[in-house]
Each structure stands twice: as structure tokens, then as C-alpha cells.
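Visitor: Got entry-v4.txt for you, compact mmCIF, C-alpha atoms:
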# COMPACT_ATOMS: atom_id res chain seq x y z
CA MET N 977 11.54 34.94 -17.38
CA LYS N 978 14.09 32.15 -16.80
CA LYS N 979 13.70 32.54 -13.03
CA ILE N 980 9.93 32.28 -13.30
CA LEU N 981 10.20 29.17 -15.49
CA LEU N 982 12.70 27.60 -13.09
CA PHE N 983 10.38 28.27 -10.13
CA PHE N 984 7.48 26.70 -12.06
CA ILE N 985 9.50 23.54 -12.79
CA ILE N 986 10.60 23.24 -9.15
CA SER N 987 7.02 23.74 -7.99
CA ILE N 988 5.73 21.02 -10.30
CA GLY N 989 8.40 18.60 -9.02
CA PHE N 990 7.54 19.40 -5.40
CA THR N 991 3.84 18.82 -6.02
CA ASN N 992 4.48 15.41 -7.55
CA THR N 993 6.71 14.43 -4.61
CA VAL N 994 4.05 15.37 -2.09
CA SER N 995 1.40 13.50 -4.07
CA ALA N 996 3.49 10.33 -4.13
CA ALA N 997 4.16 10.58 -0.39
CA THR N 998 0.45 10.81 0.43
CA PHE N 999 -0.57 7.61 -1.33
CA GLU N 1000 -2.18 5.75 1.57
CA ARG N 1001 -1.24 2.17 2.38
CA ALA N 1002 -3.83 1.03 4.90
CA ILE N 1003 -4.26 -2.42 6.41
CA TRP N 1004 -7.07 -4.14 8.29
CA ILE N 1005 -5.99 -6.54 11.06
CA PRO N 1006 -8.75 -8.94 12.23
CA TYR N 1007 -9.12 -9.50 15.95
CA TRP N 1008 -9.56 -13.26 15.44
CA GLN N 1009 -5.95 -13.39 14.16
CA LYS N 1010 -4.64 -10.47 16.18
CA THR N 1011 -1.42 -12.10 17.43
CA ALA N 1012 -0.16 -13.12 13.97
CA GLY N 1013 -1.54 -10.00 12.30
CA ALA N 1014 -0.12 -7.55 14.82
CA SER N 1015 3.32 -9.18 15.00
CA THR N 1016 3.60 -9.28 11.20
CA THR N 1017 2.57 -5.63 11.00
CA LEU N 1018 4.94 -4.61 13.79
CA ALA N 1019 7.85 -6.02 11.79
CA ASN N 1020 6.79 -4.08 8.70
CA LEU N 1021 5.53 -0.73 9.99
CA LYS N 1022 7.57 1.20 7.41
CA SER N 1023 5.36 -0.25 4.67
CA VAL N 1024 2.08 1.25 5.95
CA THR N 1025 0.53 4.66 6.60
CA GLN N 1026 -2.73 3.54 8.26
CA ILE N 1027 -3.65 0.70 10.62
CA SER N 1028 -7.24 -0.43 11.22
CA PRO N 1029 -7.67 -3.05 13.93
CA PHE N 1030 -10.84 -4.90 12.89
CA ALA N 1031 -13.34 -4.74 14.51
CA PHE N 1032 -15.30 -3.06 17.19
CA GLU N 1033 -18.85 -4.34 16.68
CA LEU N 1034 -22.03 -2.27 16.65
CA GLN N 1035 -24.76 -3.93 18.71
CA TYR N 1036 -28.35 -3.40 17.63
CA ASP N 1037 -29.22 -1.58 20.85
CA GLY N 1038 -26.69 1.04 19.70
CA SER N 1039 -23.88 0.02 22.05
CA ILE N 1040 -20.39 -0.77 20.74
CA LYS N 1041 -18.75 -4.07 21.68
CA ASN N 1042 -15.00 -3.99 22.20
CA ALA N 1043 -14.42 -7.35 20.51
CA LEU N 1044 -10.85 -6.23 19.86
CA LYS N 1045 -10.00 -5.69 23.52
CA ILE N 1046 -8.08 -2.74 22.11
CA GLU N 1047 -6.43 -1.78 25.41
CA GLU N 1048 -4.75 -5.21 25.69
CA GLU N 1049 -1.79 -6.78 23.93
CA PRO N 1050 -0.83 -7.05 21.16
CA TRP N 1051 -2.73 -3.85 20.24
CA ALA N 1052 -1.13 -1.73 22.98
CA THR N 1053 2.41 -2.36 21.72
CA LEU N 1054 1.46 -2.10 18.04
CA ILE N 1055 -0.31 1.23 18.50
CA SER N 1056 2.47 2.58 20.70
CA GLU N 1057 5.14 1.67 18.14
CA ALA N 1058 3.06 3.06 15.26
CA ARG N 1059 2.71 6.39 17.07
CA LYS N 1060 6.48 6.73 17.25
CA HIS N 1061 6.53 7.27 13.49
CA LYS N 1062 6.41 11.01 12.87
CA LYS N 1063 5.92 13.06 9.71
CA PRO N 1064 6.56 12.46 6.88
CA ASN N 1065 6.24 8.76 7.83
CA ALA N 1066 3.39 9.11 10.33
CA ILE N 1067 1.05 6.14 10.79
CA LYS N 1068 -2.60 6.86 11.55
CA ILE N 1069 -4.78 4.59 13.70
CA TYR N 1070 -8.37 4.16 12.48
CA PRO N 1071 -10.04 1.18 14.16
CA SER N 1072 -13.08 -0.26 12.39
CA ILE N 1073 -16.59 -0.47 13.77
CA LEU N 1074 -18.44 -3.27 12.00
CA SER N 1075 -22.15 -3.81 11.53
CA TYR N 1076 -23.40 -6.70 9.40
CA PRO N 1077 -27.09 -7.41 10.07
CA GLN N 1078 -28.20 -10.74 8.61
CA THR N 1079 -31.65 -11.55 9.95
CA GLN N 1080 -34.68 -9.36 9.27
CA LYS N 1081 -34.84 -8.59 13.00
CA GLU N 1082 -31.27 -7.28 12.94
CA LYS N 1083 -31.92 -5.22 9.81
CA ASP N 1084 -35.03 -3.71 11.40
CA ALA N 1085 -33.03 -2.84 14.52
CA MET N 1086 -30.33 -1.20 12.40
CA TYR N 1087 -32.97 0.83 10.58
CA ILE N 1088 -34.51 2.02 13.86
CA LEU N 1089 -31.09 2.91 15.27
CA LEU N 1090 -30.22 5.21 12.36
CA SER N 1091 -33.69 6.54 11.52
CA GLN N 1092 -34.53 7.82 15.02
CA LYS N 1093 -32.59 11.00 15.75
CA LYS N 1094 -32.23 10.37 19.48
CA LYS N 1095 -30.74 6.90 18.94
CA ARG N 1096 -28.59 8.11 16.04
CA ASP N 1097 -27.20 11.00 18.09
CA ALA N 1098 -26.44 8.66 20.99
CA ASN N 1099 -24.51 6.34 18.65
CA ILE N 1100 -22.52 9.29 17.31
CA LYS N 1101 -21.67 10.45 20.84
CA ASP N 1102 -20.49 6.95 21.77
CA ILE N 1103 -18.24 6.81 18.71
CA VAL N 1104 -16.70 10.23 19.36
CA ASP N 1105 -16.16 9.33 23.03
CA LEU N 1106 -14.46 6.10 21.93
CA VAL N 1107 -12.10 7.97 19.60
CA LYS N 1108 -11.24 10.50 22.31
CA LYS N 1109 -10.79 7.88 25.03
CA TYR N 1110 -8.17 5.91 23.11
CA ARG N 1111 -6.68 8.91 21.28
CA PHE N 1112 -7.33 7.41 17.85
CA ASP N 1113 -6.80 9.56 14.76
CA GLY N 1114 -10.37 8.85 13.73
CA ILE N 1115 -12.66 5.91 13.08
CA ASP N 1116 -13.50 3.58 10.21
CA ILE N 1117 -17.27 3.06 9.86
CA ASP N 1118 -17.98 -0.29 8.20
CA TYR N 1119 -21.77 -0.64 8.31
CA GLU N 1120 -22.61 -3.27 5.67
CA ASN N 1121 -25.59 -5.22 4.34
CA LYS N 1122 -28.06 -2.41 4.96
CA VAL N 1123 -31.52 -2.16 3.42
CA ALA N 1124 -31.92 0.44 0.66
CA GLU N 1125 -34.56 2.33 2.66
CA ILE N 1126 -31.93 3.30 5.23
CA LYS N 1127 -30.02 5.50 2.74
CA PRO N 1128 -31.20 9.00 3.90
CA HIS N 1129 -30.76 8.07 7.55
CA PHE N 1130 -27.31 6.60 6.99
CA SER N 1131 -26.35 9.77 5.11
CA LEU N 1132 -27.52 11.91 8.04
CA PHE N 1133 -25.58 9.69 10.43
CA LEU N 1134 -22.34 10.09 8.46
CA THR N 1135 -22.86 13.83 7.99
CA ASP N 1136 -23.37 14.45 11.70
CA LEU N 1137 -20.62 12.02 12.73
CA ALA N 1138 -18.14 13.74 10.39
CA SER N 1139 -19.01 17.12 11.88
CA ALA N 1140 -18.63 15.83 15.45
CA LEU N 1141 -15.28 14.19 14.71
CA HIS N 1142 -13.91 17.20 12.83
CA LYS N 1143 -14.63 19.40 15.85
CA GLN N 1144 -12.25 17.14 17.77
CA GLY N 1145 -9.63 17.22 15.02
CA LYS N 1146 -10.41 13.62 14.07
CA GLN N 1147 -11.18 11.97 10.72
CA LEU N 1148 -14.03 9.85 9.40
CA ILE N 1149 -13.12 6.89 7.22
CA CYS N 1150 -16.09 5.28 5.46
CA THR N 1151 -15.90 1.69 4.23
CA VAL N 1152 -18.51 0.79 1.61
CA GLU N 1153 -19.40 -2.09 -0.65
CA ALA N 1154 -18.11 -2.11 -4.23
CA ARG N 1155 -20.54 -1.07 -6.95
CA ILE N 1156 -20.50 -1.61 -10.72
CA PRO N 1157 -22.88 -0.41 -13.45
CA PRO N 1158 -26.23 -2.26 -13.39
CA GLU N 1159 -25.74 -3.38 -17.01
CA SER N 1160 -22.67 -5.34 -15.86
CA LYS N 1161 -24.14 -6.64 -12.62
CA TYR N 1162 -27.48 -7.63 -14.16
CA ALA N 1163 -26.37 -8.46 -17.68
CA THR N 1164 -29.35 -10.69 -18.45
CA THR N 1165 -31.95 -8.34 -16.92
CA SER N 1166 -34.15 -6.02 -18.96
CA LYS N 1167 -33.10 -2.38 -19.12
CA SER N 1168 -36.33 -1.31 -17.43
CA ILE N 1169 -35.07 -2.97 -14.25
CA PHE N 1170 -31.83 -0.95 -14.26
CA ALA N 1171 -33.65 2.30 -13.52
CA ARG N 1172 -35.21 0.79 -10.39
CA VAL N 1173 -31.93 -0.33 -8.78
CA GLU N 1174 -31.55 1.34 -5.36
CA TYR N 1175 -28.60 1.53 -2.99
CA SER N 1176 -28.21 2.00 0.76
CA ASN N 1177 -25.07 4.09 0.29
CA ASP N 1178 -25.38 7.58 -1.20
CA TYR N 1179 -22.01 7.89 -2.91
CA LYS N 1180 -22.42 11.64 -3.47
CA ILE N 1181 -22.95 12.42 0.21
CA ILE N 1182 -20.37 9.87 1.33
CA GLY N 1183 -17.88 11.42 -1.06
CA ARG N 1184 -18.60 14.85 0.40
CA VAL N 1185 -18.61 14.21 4.17
CA CYS N 1186 -16.15 11.32 4.62
CA ASP N 1187 -12.44 12.15 4.72
CA GLN N 1188 -11.63 8.90 2.93
CA VAL N 1189 -13.82 6.27 1.31
CA ARG N 1190 -12.54 2.70 1.37
CA ILE N 1191 -14.27 0.67 -1.33
CA MET N 1192 -14.24 -3.08 -0.71
CA ALA N 1193 -13.18 -4.18 -4.18
CA TYR N 1194 -13.12 -7.89 -3.37
CA ASP N 1195 -15.49 -10.85 -2.87
CA GLN N 1196 -16.43 -10.50 -6.55
CA ALA N 1197 -17.40 -14.11 -7.39
CA GLU N 1198 -20.58 -13.66 -9.51
CA ASP N 1199 -21.03 -9.94 -8.90
CA ASP N 1200 -20.34 -9.08 -12.53
CA ALA N 1201 -22.76 -11.12 -14.64
CA LEU N 1202 -21.26 -9.73 -17.84
CA LEU N 1203 -17.71 -10.86 -17.03
CA THR N 1204 -19.04 -14.19 -15.75
CA PHE N 1205 -20.95 -14.73 -19.02
CA GLN N 1206 -17.95 -13.75 -21.15
CA ASN N 1207 -15.62 -16.14 -19.33
CA LYS N 1208 -18.15 -18.95 -19.42
CA ASN N 1209 -18.41 -18.55 -23.20
CA SER N 1210 -14.60 -18.63 -23.44
CA GLY N 1211 -14.51 -21.90 -21.50
CA ASN N 1212 -12.76 -20.36 -18.47
CA LEU N 1213 -13.29 -21.48 -14.90
CA TYR N 1214 -14.14 -18.17 -13.26
CA ARG N 1215 -14.56 -17.40 -9.56
CA PRO N 1216 -12.41 -14.30 -8.97
CA VAL N 1217 -11.78 -12.58 -5.68
CA ALA N 1218 -11.14 -9.33 -7.55
CA ASP N 1219 -10.70 -9.41 -11.32
CA ILE N 1220 -8.63 -6.40 -12.40
CA ASP N 1221 -11.26 -5.61 -15.07
CA TRP N 1222 -13.99 -5.65 -12.41
CA VAL N 1223 -11.93 -3.36 -10.19
CA LYS N 1224 -11.62 -0.90 -13.09
CA LYS N 1225 -15.42 -0.80 -13.31
CA VAL N 1226 -15.69 -0.25 -9.54
CA ILE N 1227 -13.26 2.68 -9.68
CA THR N 1228 -14.75 4.27 -12.79
CA LEU N 1229 -18.26 4.28 -11.33
CA ALA N 1230 -17.09 5.60 -7.95
CA LEU N 1231 -15.25 8.48 -9.61
CA GLU N 1232 -18.57 9.86 -10.84
CA ASP N 1233 -19.47 10.83 -7.25
CA ILE N 1234 -16.36 10.61 -5.06
CA PRO N 1235 -13.20 12.72 -5.46
CA ALA N 1236 -10.31 10.55 -6.63
CA LYS N 1237 -8.03 11.48 -3.71
CA LYS N 1238 -10.66 10.34 -1.23
CA ILE N 1239 -11.00 6.88 -2.78
CA ILE N 1240 -8.99 4.14 -1.07
CA ILE N 1241 -9.44 0.95 -3.05
CA GLY N 1242 -9.70 -2.25 -0.99
CA VAL N 1243 -7.45 -5.11 -2.12
CA PRO N 1244 -7.63 -8.76 -0.94
CA THR N 1245 -4.90 -11.04 0.38
CA TYR N 1246 -7.05 -14.18 0.49
CA GLY N 1247 -8.99 -16.56 -1.73
CA ASN N 1248 -11.59 -19.31 -1.79
CA LYS N 1249 -11.89 -23.03 -2.42
CA TYR N 1250 -14.79 -24.40 -4.46
CA GLU N 1251 -16.05 -27.83 -5.43
CA ILE N 1252 -16.64 -27.88 -9.18
CA VAL N 1253 -19.92 -29.55 -10.11
CA PRO N 1254 -19.74 -30.31 -13.86
CA ALA N 1255 -22.52 -29.31 -16.23
CA VAL N 1256 -25.04 -32.07 -16.95
CA GLY N 1257 -27.46 -31.84 -19.84
CA THR N 1258 -28.62 -28.23 -20.08
CA SER N 1259 -27.26 -27.20 -16.67
CA SER N 1260 -24.18 -25.01 -16.24
CA THR N 1261 -21.03 -25.73 -14.26
CA LYS N 1262 -21.62 -24.89 -10.61
CA TYR N 1263 -19.17 -23.82 -7.95
CA LEU N 1264 -19.94 -24.84 -4.36
CA ARG N 1265 -17.89 -22.68 -2.03
CA ILE N 1266 -16.08 -24.77 0.59
CA GLY N 1267 -14.53 -21.84 2.43
CA SER N 1268 -11.92 -19.11 2.37
CA MET N 1269 -8.18 -19.77 2.10
CA ASN N 1270 -5.32 -17.43 2.89
CA PHE N 1271 -2.26 -17.28 0.62
CA ASN N 1272 -0.07 -19.51 2.79
CA TYR N 1273 -2.63 -22.31 3.00
CA ALA N 1274 -3.40 -22.21 -0.74
CA ASP N 1275 0.32 -22.15 -1.59
CA GLU N 1276 1.15 -25.03 0.77
CA LEU N 1277 -1.72 -27.11 -0.60
CA ALA N 1278 -0.46 -26.58 -4.16
CA LYS N 1279 3.05 -27.69 -3.16
CA SER N 1280 1.71 -30.79 -1.41
CA LEU N 1281 -0.12 -31.69 -4.65
CA ASN N 1282 2.92 -30.88 -6.84
CA ILE N 1283 0.86 -28.22 -8.62
CA VAL N 1284 2.16 -24.91 -9.97
CA PRO N 1285 -0.65 -22.31 -9.66
CA ASN N 1286 -1.51 -20.41 -12.84
CA ARG N 1287 -1.85 -16.66 -13.32
CA ASN N 1288 -5.46 -16.62 -14.47
CA VAL N 1289 -7.60 -14.33 -16.62
CA ALA N 1290 -8.41 -12.13 -13.61
CA GLY N 1291 -4.74 -11.55 -12.78
CA GLU N 1292 -4.92 -13.75 -9.66
CA LEU N 1293 -3.70 -17.29 -8.95
CA SER N 1294 -5.71 -20.49 -9.33
CA TYR N 1295 -5.39 -24.22 -9.77
CA VAL N 1296 -7.63 -27.28 -10.04
CA TYR N 1297 -7.16 -30.68 -8.46
CA SER N 1298 -9.13 -33.89 -8.01
CA THR N 1299 -9.23 -36.25 -5.05
CA SER N 1300 -11.23 -39.13 -3.65
CA THR N 1301 -10.29 -38.45 0.00
CA ASP N 1302 -10.70 -35.53 2.38
CA LEU N 1303 -7.88 -33.82 4.30
CA ASN N 1304 -7.96 -36.59 6.91
CA GLY N 1305 -7.66 -39.35 4.32
CA ASN N 1306 -11.27 -40.42 4.60
CA SER N 1307 -13.00 -41.62 1.43
CA LEU N 1308 -15.36 -39.17 -0.28
CA GLY N 1309 -17.09 -42.02 -2.11
CA SER N 1310 -16.04 -40.69 -5.51
CA TYR N 1311 -13.55 -38.33 -7.12
CA LYS N 1312 -14.33 -34.68 -6.62
CA GLN N 1313 -12.80 -31.74 -8.42
CA TYR N 1314 -11.82 -28.54 -6.63
CA LEU N 1315 -10.92 -25.02 -7.71
CA VAL N 1316 -8.63 -22.91 -5.52
CA TRP N 1317 -8.57 -19.23 -6.46
CA TYR N 1318 -6.64 -16.60 -4.50
CA SER N 1319 -4.81 -13.29 -4.49
CA ASP N 1320 -1.07 -12.77 -4.09
CA ALA N 1321 1.39 -9.87 -4.01
CA THR N 1322 1.53 -9.67 -7.81
CA ALA N 1323 -2.26 -9.28 -8.04
CA ILE N 1324 -2.09 -6.60 -5.33
CA ALA N 1325 0.74 -4.81 -7.15
CA ASP N 1326 -1.44 -4.66 -10.28
CA LYS N 1327 -4.19 -2.96 -8.27
CA ILE N 1328 -1.75 -0.52 -6.69
CA ARG N 1329 -0.61 0.48 -10.18
CA LEU N 1330 -4.26 0.86 -11.19
CA ALA N 1331 -4.98 3.07 -8.16
CA LYS N 1332 -2.02 5.29 -9.03
CA LEU N 1333 -3.06 5.42 -12.69
CA TYR N 1334 -6.48 6.74 -11.63
CA LYS N 1335 -4.77 9.09 -9.11
CA LEU N 1336 -6.66 7.58 -6.17
CA GLY N 1337 -5.84 8.23 -2.53
CA GLY N 1338 -4.37 4.80 -1.92
CA VAL N 1339 -5.17 1.16 -1.13
CA ALA N 1340 -6.48 -0.69 1.92
CA VAL N 1341 -5.42 -4.32 2.37
CA PHE N 1342 -7.94 -6.85 3.64
CA LYS N 1343 -6.54 -8.56 5.53
CA VAL N 1344 -3.22 -8.93 7.39
CA ASP N 1345 -3.44 -12.08 9.52
CA GLY N 1346 -0.03 -13.69 9.20
CA GLY N 1347 -1.19 -15.86 6.29
CA ASN N 1348 -0.78 -13.33 3.49
CA ASP N 1349 1.87 -13.44 0.76
CA PRO N 1350 5.11 -12.37 2.53
CA ARG N 1351 5.99 -10.27 -0.55
CA LEU N 1352 3.08 -7.95 0.34
CA TRP N 1353 5.29 -5.65 2.42
CA GLU N 1354 7.74 -4.98 -0.38
CA ILE N 1355 4.85 -4.30 -2.74
CA LEU N 1356 3.37 -1.73 -0.34
CA LYS N 1357 6.59 0.24 0.18
Could the structure of this file be written out as C-alpha cells, please?

Guide:
Amino acid sequence: MKKILLFFIISIGFTNTVSAATFERAIWIPYWQKTAGASTTLANLKSVTQISPFAFELQYDGSIKNALKIEEEPWATLISEARKHKKPNAIKIYPSILSYPQTQKEKDAMYILLSQKKKRDANIKDIVDLVKKYRFDGIDIDYENKVAEIKPHFSLFLTDLASALHKQGKQLICTVEARIPPESKYATTSKSIFARVEYSNDYKIIGRVCDQVRIMAYDQAEDDALLTFQNKNSGNLYRPVADIDWVKKVITLALEDIPAKKIIIGVPTYGNKYEIVPAVGTSSTKYLRIGSMNFNYADELAKSLNIVPNRNVAGELSYVYSTSTDLNGNSLGSYKQYLVWYSDATAIADKIRLAKLYKLGGVAVFKVDGGNDPRLWEILK
């Protein structure tokens, strides 16, 4: 009996060790900052388990543009060095293919591409050929901003692509938009509207056919009307990249359809700058987005203004400043107030703890471009 009990205890310990070792630490590296992103990653390869150069681009005739120039430097050296890492510290290479139709014409072309079997099959063949040609471990499909009507066709596409890749011993990574309950997203909308909300991504099928599902839990801003309303009533300035409470909602909803170990939660390294337009009369405070800001730029700006950023209600960093001149010293005509809100390694660490608490498959960092918090690599280890 003692021997059986001892074996059981050893087995439990071994299982926990394996589970901890398989917590994925993926990173996206954008091609528009490939030199800084690749060199930073190269110096910190021990901190990651997956690398996704971002992005190949899907054209609306079905062809795939090699915007990365994946066969050139710095990718060639980065991929070669990553492949030298063997089990149990192996690093997988899953480049991303991006589609983000914006005009109606582009959305129509995307619908035709995936709804017509011949075109869909041709796209699948091109993707599999791409993976084989460059000896990737698989591919990351990041087809965003789709119309809801495309859902069954997108599901068929992923199902067939997964099958084709698996026959080659390759994996399918699916990157999808974050989703929260309709009663949070549309807090001021009547309940009758909730039942009519439709999505382009079928989480159930995606959770079944994709080997991993990366959920982009960032770019929150006003996505959660309930949290926005609550913070407004509390007098908080509120323009989060990824509020930890919002991320909890994203994970909880996803777990209804996707196995926990397949979920890779996306975490941001960046932030945004807004002009604050004060409330006048019955109007509410407005936030006019000026643009995105990486950690280094936001941190340097704060230091130049002698400002210490605050850990805000969302668990991220933010600060407010006023000025009458632009960055070049030119007069703006009047004082304007700005809000800078961004993520850092501490905010990312909180989300890693959350992912482990929910027993998820790991995290995916968007993005590594040389401007992220340098403490990121220690956090990921």
C-alpha cells in the first residue's frame, strides 16, 4: 500500500512539472520593426517557446504576400538560432498570415474567397505549401474584421486547413478577436438585442479544430460599456489597453467553448495617447486618440515631463499632462490635456498569473519591437 501511495505522489509531482513546462510563451514580431524586434528576441530566446514573425498578408485574390521577406535577415538568423533549442526547451516557429479587410469591397472579396470551395481549397494549398517550403512548425491564421455571414465558411476553412496541416505533422494556430458577454459590451442596450448578436468566429469549432487559440485580449478602450460606465461614475479617466477585469471576462467566456489548454491569452506591450476633451454642459468627457505609444516612448516622455506614471484601476500605467506646444515647440493656440495609458511588465505579469490561475495554455505577447519594457523577458521566464 505504501509503495502504491508513493508512486501516486511521484506521479502527481511529475504531472505538475510537465504542465508547468508546457506553459507557452509566444511572441509576435512585426515586420515593420523586424531589426529591433529580432535582435531583442535573439538575445532572449530562453524566455520564449514560440516565435511568430508578423505578418505574411493575405491578398484578396487569395495569394499570400511575403511582406516579411522571411528568407532574408534578420529572420534567417533568428529562425536558425531558435531551431537550435531542443526539447525540453524547443522553440516553435509559427509565422502569422494577416487579413484585415476594411472597405466593403475588401470584405466582399474575403467572403468570396472563403465561401467558394475552389478558392478556399486553393488558399489552403498555398498555406500548406508555404509551411512546407520554409519548414515552419505550423502557421498562425490571423483573419480579422470579418463579416458575421462568413462564419460557416471560415469554420470550413479552418477545419480543412487543420486536417491538411496535421497530415504534414504541422500545427494550426488560430488568432481571434476577444469577446465578452453582450450584457457587458452593450450595457445600455435592451436585452432583446443581446439575443441577436452574431459573430464571425465560431468558438466551438475553432476550439475543436485549432491546436491553439490565441485570443487578442488587448485594444479594449470602450469595448466593455459596463466597465466604462462604472469608471465614469467613479470619476476615473478610463482608456485601458487591457483591464485585468476585462481580461477575466474574455477568458471566462472563451472557456465555455474552448479547452483551457488550447487558450493562449494575448497580452499587450504598448499603449495609446489621447487628447482629453472635457465635458461641457450635458456632454461627457471625450478621448481623441492621437496614436499608439510603446513602453519606451511613454516612459521617456514621462521622465521629460518629470511625471511619475501611476498604476491605474486597470492594473496598467497612465499619466496626464497639459501643454500649449507640440513636440516641435510650435504653439497649439491653447493648453491641451493629454492622457497616456500603456502596459508594462508588471501588467503583463498580472495576466500571466491570471492565465496560470485559469490553467490556460499560455500567453502571446503583442508585440516585441525593441520598444517594450525591458523587464518583459524576466517576466516571461

Visitor: Please, what distance in Å, to one decimal, runs between atom CA of N:Tyr1314 and atom CA of N:Leu1264?

Guide: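 Interatomic distance, atom CA of N:Tyr1314 to atom CA of N:Leu1264: 9.2 Å.
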
Visitor: Can you tell me, as JSON, numbers by chain, what residues are no more than 8 Å from stretch 1152-1163 of chain N when counting only C-alpha atoms, ignoring any on the same chain fewer than 2 positions away?

Guide: {"N": [1118, 1119, 1120, 1150, 1165, 1167, 1170, 1173, 1177, 1189, 1190, 1191, 1192, 1193, 1194, 1199, 1200, 1201, 1202, 1203, 1222, 1225, 1226, 1229, 1230]}

Visitor: Within 8 Å of N:Leu1293, counting all atoms listed in the file, which residues show up once you throw out same-chain ones fewer than 3 positions away? Write them as a PyMOL selection string, please.

Guide: chain N and resi 1285-1288+1317-1320

Visitor: So which one's closest to N:Ala1140, N:Pro1064, N:Gly1267, N:Gly1114, N:Pro1128? Using all atoms listed in the file, please.

Guide: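 Looking at the shortest contact to N:Ala1140, the residue is N:Gly1114.
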
Visitor: So, with only C-alpha atoms as the atoms that count, which of N:Ile1115, N:Ile1328, N:Leu1137, N:Leu1106 lies closest to N:Gln1188?

Guide: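 Of N:Ile1115, N:Ile1328, N:Leu1137, N:Leu1106, the one nearest N:Gln1188 is N:Ile1115, counting only C-alpha atoms.
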
Visitor: Contacts of N:Ser1310 at 12 Å or less, counting only C-alpha atoms, minus same-chain residues fewer than 3 places along, as an MDAnalysis selection string?

Guide: chainID N and resid 1298:1302 1306:1307 1313

Visitor: What box, with edges along x, y and z, holds each listed atom of stretch 1039-1058 of chain N when 3 Å is added on every side, and can you state its centre and edge lengths in Å to one decimal, as AutoDock Vina command-line options?

Guide:
--center_x -9.4 --center_y -2.1 --center_z 20.5 --size_x 35.0 --size_y 16.4 --size_z 16.4

Visitor: Which neighbours of N:Asp1345 fall inside 9 Å, counting all atoms listed in the file, when residues of the same chain fewer than 2 positions from it are skipped, and could you give them as an mmCIF file with C-alpha atoms, in the coordinates of the input?

Guide:
data_model
loop_
_atom_site.group_PDB
_atom_site.id
_atom_site.type_symbol
_atom_site.label_atom_id
_atom_site.label_comp_id
_atom_site.auth_asym_id
_atom_site.auth_seq_id
_atom_site.Cartn_x
_atom_site.Cartn_y
_atom_site.Cartn_z
ATOM 1 C CA TRP N 1004 -7.070 -4.140 8.290
ATOM 2 C CA ILE N 1005 -5.990 -6.540 11.060
ATOM 3 C CA PRO N 1006 -8.750 -8.940 12.230
ATOM 4 C CA TYR N 1007 -9.120 -9.500 15.950
ATOM 5 C CA TRP N 1008 -9.560 -13.260 15.440
ATOM 6 C CA GLN N 1009 -5.950 -13.390 14.160
ATOM 7 C CA LYS N 1010 -4.640 -10.470 16.180
ATOM 8 C CA THR N 1011 -1.420 -12.100 17.430
ATOM 9 C CA ALA N 1012 -0.160 -13.120 13.970
ATOM 10 C CA GLY N 1013 -1.540 -10.000 12.300
ATOM 11 C CA ALA N 1014 -0.120 -7.550 14.820
ATOM 12 C CA THR N 1016 3.600 -9.280 11.200
ATOM 13 C CA THR N 1017 2.570 -5.630 11.000
ATOM 14 C CA ASN N 1270 -5.320 -17.430 2.890
ATOM 15 C CA LYS N 1343 -6.540 -8.560 5.530
ATOM 16 C CA GLY N 1347 -1.190 -15.860 6.290
ATOM 17 C CA ASN N 1348 -0.780 -13.330 3.490
#

Visitor: Which of these, N:Gly1183, N:Pro1071, N:Pro1254, N:Gly1291, has the shortest distance to N:Pro1216 once you count all atoms listed in the file?

Guide: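 Closest residue, counting all atoms listed in the file: N:Gly1291.
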
Visitor: For atom CA of N:Ala1331 and atom CA of N:Lys1357, quote the distance in Å rounded to one decimal.

Guide: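 Atom CA of N:Lys1357 lies at a distance of 14.5 Å from atom CA of N:Ala1331.
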
Visitor: Could you state the separation of atom CA of N:Asp1136 and atom CA of N:Lys1041 in Å, given to one decimal place?

Guide: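 Value for the atom CA of N:Asp1136-atom CA of N:Lys1041 distance: 21.5 Å.
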
Visitor: Counting all atoms listed in the file, find the residues whose atoms lie at most 12 Å from (7.8, -4.9, -3.9) (file coordinates) and write them out as a ChimeraX atom specification.

Guide: /N:1023,1320-1326,1328-1329,1349-1357

Visitor: Of the candidates N:Ser1091, N:Gln1206, N:Ser1075, N:Gln1026, which shows the shortest atom-to-atom distance to N:Ile1149, using only C-alpha atoms?

Guide: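 Among N:Ser1091, N:Gln1206, N:Ser1075, N:Gln1026, it is N:Gln1026 that comes nearest to N:Ile1149.
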
Visitor: With only C-alpha atoms as the basis for distance, which of N:Lys1224, N:Arg1001, N:Arg1184, N:Lys1332 is at the shortest distance from N:Thr1135?

Guide: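 Between N:Lys1224, N:Arg1001, N:Arg1184, N:Lys1332, the residue approaching N:Thr1135 most closely is N:Arg1184.
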
Visitor: Counting all atoms listed in the file, which residue out of N:Leu1231, N:Leu1213, N:Val1243, N:Leu1277 sits closest to N:Val1341?

Guide: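 Result for the nearest residue to N:Val1341: N:Val1243.
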